[in-house]
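Heads up: the structure comes next, in structure tokens.
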Amino acid sequence: MTPESSLPRITVPPPGPKAQAIIARDARVTSPSYTRPYPLVVESGTGACVVDADGNRFLDFAAGIAVCSTGHSHPLVVEAITRQASRFLHMSATDFYYEEAVSLAEKVARLAPVGSQAGDARVLFTNSGTEAVEAALKLARYKTGRHLALSFYGSFHGRTMGALSLTASKAIQRRGFGPMLPGAFQVPYADCYRCPFGKEPDTCDLECVEFIEEYPFKRTAPPQDVAAIIVEPVQGEGGYVVPPARYFKRLRELCDRHGILLIADEVQSGIGRTGRMFAIEHFGVRPDIIAVAKGIASGMPLGLCIARADLMSWPPGAHASTFGGNPVSCAAAMATLDLISGSLMENARRQGERLIAGLTRLATRHKLIGQVRGLGLMVGIELVTDPVTRRRATDEARRVVTESFQRGLLILTAGENTLRLSPPLVIDDHQTDAALAILDESLTAVAKS
């Protein structure tokens, strides 16, 4: 794509007439539980751009909620999907064998930072991140014989009942569905911008980890009953929050001290997005179990529960999935991993640095920007109405998203007031700079309104 054809172009104010007609049809037949932040109707996509039903071209910095890691319809991924689809579409790895699933499991086992060394892992295939989390929770309870599980405020682990019980992102996600799975409880996450203990990074002694020992472990959740702690290396729905570097080492020590399994939820942060194959690698610890999905297959449905080989030793029938490890999805994942390992992971690191540097410059001109944070192409911009009180600019964040859409940039929010930037890992300098320019215009428009 030439630079011009890979940048936004709005010819009809969105949503145009064709998009409006499709949205009207959708309203009559689709569940209203879906959250549509703006009226985008996608017709096609290439690389980091999508075209809507009326011919408008958008720069996609949402990537299907961090799913389209290699961009839209990468030719090598499409080729792998087409080649596999022409051979067979499904046989179920639950009951039979096929090389596509074996090859993918071998590759993932080599890459995943679990166990004592590379390759010391086993893989269970699922359809989604939620299912990968469910599998991880079941495995932890099965292998430890314990029934409690700890997660963190701000976390999002999925919407099925087990994963939902671990989720603590937004009340709407739980309201009306209780009671939750017994044994799930939450503690504060390491959010240095909004430390619940009133600390600043230079005075912090990781009170958020000490809190676990001093309160739930001593009062309501004996550590001998805790099967697992599940944590996002970069908290996604909670606002793209990046903990301090030493946080995970203390968390790992806590788990080791009490025989608790550490589960890394890498559904959103994994597969090259942060400039490393897995975000947990930035922090120098090895979890016992990793949940993966989203970017693993460039848009095809696939999730993975990856565990230490000695842990994943449950018997046949203990857990499985009819469609998990679908051969077409496996083929897409193999092509995706080749592309990520080849150059896209390094591009994510480089473009992430460019993006964060540009946003940091914008922060000097826009009082709405309270903090810019992120790793690689997992970047959050927290908006505040006052830089001293850090009052959340919730309405302003939604309006910046809408203003950006009208200008041809697709972004989403995370948490109450954070702009979430998670573009495909294929973006180039021109696209990064174009996104910065649109964000500059959108922030200006909201500040003036």
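Each chain in the structure tokens gets a letter, A, B and so on, in the order shown; residues start at 1 in every chain, and ligands are counted from 1 in the order they appear.
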(request) Write out as a list in words the residues lying within 9 Å of Arg83 of chain A, counting only C-alpha atoms and excluding same-chain residues fewer than 5 positions away. (result) Val78, Val328 and Ala331 of chain A
Using the selection just defined, write its residues with C-alpha atoms as a CSV table (one decimal), in the first residue's frame.
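Saved the output as selection17.csv:
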chain,number,residue,atom,x,y,z
A,78,VAL,CA,-5.1,-15.9,4.1
A,328,VAL,CA,-8.0,-23.8,10.0
A,331,ALA,CA,-3.0,-22.9,10.2
(request) Based on DSSP run over this structure's backbone, return all residues of segment 120-334 of chain A in alpha helix (DSSP H), as a PyMOL selection string. (result) chain A and resi 129-144+161-166+207-214+247-258+327-334
Could you please take those selected residues and save C-alpha atoms as a PDB file, in the first residue's frame?
ATOM      1  CA  GLY A 129      -9.693 -16.180  25.829  1.00  0.00           C
ATOM      2  CA  THR A 130     -12.570 -16.740  28.206  1.00  0.00           C
ATOM      3  CA  GLU A 131     -12.379 -20.474  27.606  1.00  0.00           C
ATOM      4  CA  ALA A 132      -8.600 -20.436  28.073  1.00  0.00           C
ATOM      5  CA  VAL A 133      -9.107 -18.778  31.467  1.00  0.00           C
ATOM      6  CA  GLU A 134     -11.778 -21.320  32.401  1.00  0.00           C
ATOM      7  CA  ALA A 135      -9.381 -24.132  31.534  1.00  0.00           C
ATOM      8  CA  ALA A 136      -6.586 -22.520  33.552  1.00  0.00           C
ATOM      9  CA  LEU A 137      -8.849 -22.153  36.590  1.00  0.00           C
ATOM     10  CA  LYS A 138     -10.081 -25.737  36.356  1.00  0.00           C
ATOM     11  CA  LEU A 139      -6.542 -27.047  35.975  1.00  0.00           C
ATOM     12  CA  ALA A 140      -5.310 -25.062  38.972  1.00  0.00           C
ATOM     13  CA  ARG A 141      -8.106 -26.342  41.188  1.00  0.00           C
ATOM     14  CA  TYR A 142      -7.655 -29.909  39.960  1.00  0.00           C
ATOM     15  CA  LYS A 143      -3.887 -30.041  40.487  1.00  0.00           C
ATOM     16  CA  THR A 144      -3.733 -28.233  43.846  1.00  0.00           C
ATOM     17  CA  MET A 161     -19.390 -17.797  34.891  1.00  0.00           C
ATOM     18  CA  GLY A 162     -15.966 -18.931  36.099  1.00  0.00           C
ATOM     19  CA  ALA A 163     -14.075 -16.223  34.230  1.00  0.00           C
ATOM     20  CA  LEU A 164     -16.712 -13.655  35.175  1.00  0.00           C
ATOM     21  CA  SER A 165     -16.216 -14.489  38.840  1.00  0.00           C
ATOM     22  CA  LEU A 166     -12.573 -13.483  38.440  1.00  0.00           C
ATOM     23  CA  GLU A 207       2.142  -2.412  49.660  1.00  0.00           C
ATOM     24  CA  CYS A 208      -0.305  -3.928  47.154  1.00  0.00           C
ATOM     25  CA  VAL A 209       1.489  -7.276  47.466  1.00  0.00           C
ATOM     26  CA  GLU A 210       1.913  -6.960  51.228  1.00  0.00           C
ATOM     27  CA  PHE A 211      -1.842  -6.322  51.483  1.00  0.00           C
ATOM     28  CA  ILE A 212      -2.533  -9.858  50.207  1.00  0.00           C
ATOM     29  CA  GLU A 213      -0.546 -11.383  53.063  1.00  0.00           C
ATOM     30  CA  GLU A 214      -1.861  -9.034  55.752  1.00  0.00           C
ATOM     31  CA  TYR A 247       5.897  -6.187  41.102  1.00  0.00           C
ATOM     32  CA  PHE A 248       5.746  -9.593  39.460  1.00  0.00           C
ATOM     33  CA  LYS A 249       8.871 -10.892  41.182  1.00  0.00           C
ATOM     34  CA  ARG A 250       7.225 -10.189  44.541  1.00  0.00           C
ATOM     35  CA  LEU A 251       4.024 -11.809  43.326  1.00  0.00           C
ATOM     36  CA  ARG A 252       5.988 -14.863  42.151  1.00  0.00           C
ATOM     37  CA  GLU A 253       7.707 -15.076  45.554  1.00  0.00           C
ATOM     38  CA  LEU A 254       4.339 -14.876  47.293  1.00  0.00           C
ATOM     39  CA  CYS A 255       2.991 -17.750  45.206  1.00  0.00           C
ATOM     40  CA  ASP A 256       6.082 -19.890  45.751  1.00  0.00           C
ATOM     41  CA  ARG A 257       5.963 -19.298  49.496  1.00  0.00           C
ATOM     42  CA  HIS A 258       2.436 -20.689  49.731  1.00  0.00           C
ATOM     43  CA  PRO A 327      -7.265 -26.975  11.899  1.00  0.00           C
ATOM     44  CA  VAL A 328      -8.036 -23.770   9.970  1.00  0.00           C
ATOM     45  CA  SER A 329      -7.444 -21.684  13.076  1.00  0.00           C
ATOM     46  CA  CYS A 330      -4.229 -23.620  13.761  1.00  0.00           C
ATOM     47  CA  ALA A 331      -2.997 -22.885  10.234  1.00  0.00           C
ATOM     48  CA  ALA A 332      -3.723 -19.187  10.758  1.00  0.00           C
ATOM     49  CA  ALA A 333      -1.869 -19.291  14.080  1.00  0.00           C
ATOM     50  CA  MET A 334       1.227 -20.907  12.557  1.00  0.00           C
TER      51      MET A 334
END
(request) Go through A:Gly408, A:Ala434, A:Tyr215, A:Asp310 and flag the residue nearest Asp52 of chain A, using only C-alpha atoms for the distances. (result) A:Gly408
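By only C-alpha atoms, and with residues fewer than 6 positions from Met312 of chain A along its chain excluded, the set lying at most 9 Å from it is Ala121, Arg122, Val123, Leu124, Leu139, Lys143 and Ile306 of chain A.
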Would you save the residues from that selection as an mmCIF file, in the first residue's frame, using N, CA and C atoms?
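Result went into again.cif, see below:
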data_model
loop_
_atom_site.group_PDB
_atom_site.id
_atom_site.type_symbol
_atom_site.label_atom_id
_atom_site.label_comp_id
_atom_site.auth_asym_id
_atom_site.auth_seq_id
_atom_site.Cartn_x
_atom_site.Cartn_y
_atom_site.Cartn_z
ATOM 1 N N ALA A 121 6.326 -27.522 28.476
ATOM 2 C CA ALA A 121 4.940 -27.043 28.510
ATOM 3 C C ALA A 121 4.043 -27.977 27.716
ATOM 4 N N ARG A 122 2.774 -27.923 28.061
ATOM 5 C CA ARG A 122 1.737 -28.598 27.296
ATOM 6 C C ARG A 122 0.640 -27.588 26.972
ATOM 7 N N VAL A 123 -0.112 -27.863 25.920
ATOM 8 C CA VAL A 123 -1.085 -26.905 25.404
ATOM 9 C C VAL A 123 -2.465 -27.549 25.323
ATOM 10 N N LEU A 124 -3.486 -26.833 25.812
ATOM 11 C CA LEU A 124 -4.874 -27.220 25.622
ATOM 12 C C LEU A 124 -5.527 -26.159 24.748
ATOM 13 N N LEU A 139 -7.792 -26.307 35.803
ATOM 14 C CA LEU A 139 -6.542 -27.047 35.975
ATOM 15 C C LEU A 139 -5.906 -26.726 37.325
ATOM 16 N N LYS A 143 -5.234 -29.613 40.123
ATOM 17 C CA LYS A 143 -3.887 -30.041 40.487
ATOM 18 C C LYS A 143 -3.524 -29.692 41.924
ATOM 19 N N ILE A 306 -1.795 -22.759 28.292
ATOM 20 C CA ILE A 306 -0.436 -23.309 28.257
ATOM 21 C C ILE A 306 0.030 -23.494 29.691
#
(request) Give the answer as one residue: which of A:Leu436, A:Leu412, A:Val267, A:Val242 has the shortest atom-to-atom distance to Gly64 of chain A, using only C-alpha atoms? (result) A:Leu412
Non-local contacts of Arg9 of chain A (7 Å; only C-alpha atoms; under 4 positions in same chain excluded) as a PDB file with N, CA and C atoms, in the first residue's frame:
ATOM      1  N   ASN A  56     -15.698   4.977   3.219  1.00  0.00           N
ATOM      2  CA  ASN A  56     -14.756   5.696   4.082  1.00  0.00           C
ATOM      3  C   ASN A  56     -13.631   4.759   4.524  1.00  0.00           C
ATOM      4  N   ARG A  57     -12.424   5.291   4.552  1.00  0.00           N
ATOM      5  CA  ARG A  57     -11.283   4.483   4.992  1.00  0.00           C
ATOM      6  C   ARG A  57     -10.815   4.967   6.360  1.00  0.00           C
ATOM      7  N   PHE A  58     -10.665   4.014   7.277  1.00  0.00           N
ATOM      8  CA  PHE A  58     -10.274   4.317   8.648  1.00  0.00           C
ATOM      9  C   PHE A  58      -8.932   3.667   8.970  1.00  0.00           C
ATOM     10  N   GLY A 408     -11.562   9.512  11.097  1.00  0.00           N
ATOM     11  CA  GLY A 408     -10.976   8.359  10.424  1.00  0.00           C
ATOM     12  C   GLY A 408     -10.022   7.524  11.244  1.00  0.00           C
TER      13      GLY A 408
END
(request) Just the residues within 10 Å of Leu375 of chain A, please, counting only C-alpha atoms, with nothing from its chain fewer than 5 positions along; format it as number ranges by chain. (result) A: 234, 240-242, 269, 273-276, 279, 282, 348-349, 352-353, 356, 380
(request) Name all residues at most 9 Å from Gly295 of chain A (count only C-alpha atoms; drop same-chain ones fewer than 4 positions away) and give them as a list of chain:residue names. (result) A:Ala66, A:Val67, A:Cys68, A:Ser69, A:Thr70, A:Val267, A:Gln268, A:Ser269, A:Gly270, A:Ile271, A:Gly272, A:Arg273, A:Gly299, A:Met300, A:Ala333, A:Thr336
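Looking only at segment 221-352 of chain A, the set that DSSP places in strand (DSSP E) from backbone geometry is Val226, Ala227, Ala228, Ile229, Ile230, Val231, Leu261, Leu262, Ile263, Ala264, Asp265, Ile289, Ile290, Ala291, Val292, Gly303, Leu304, Cys305, Ile306, Ala307 and Arg308 of chain A.
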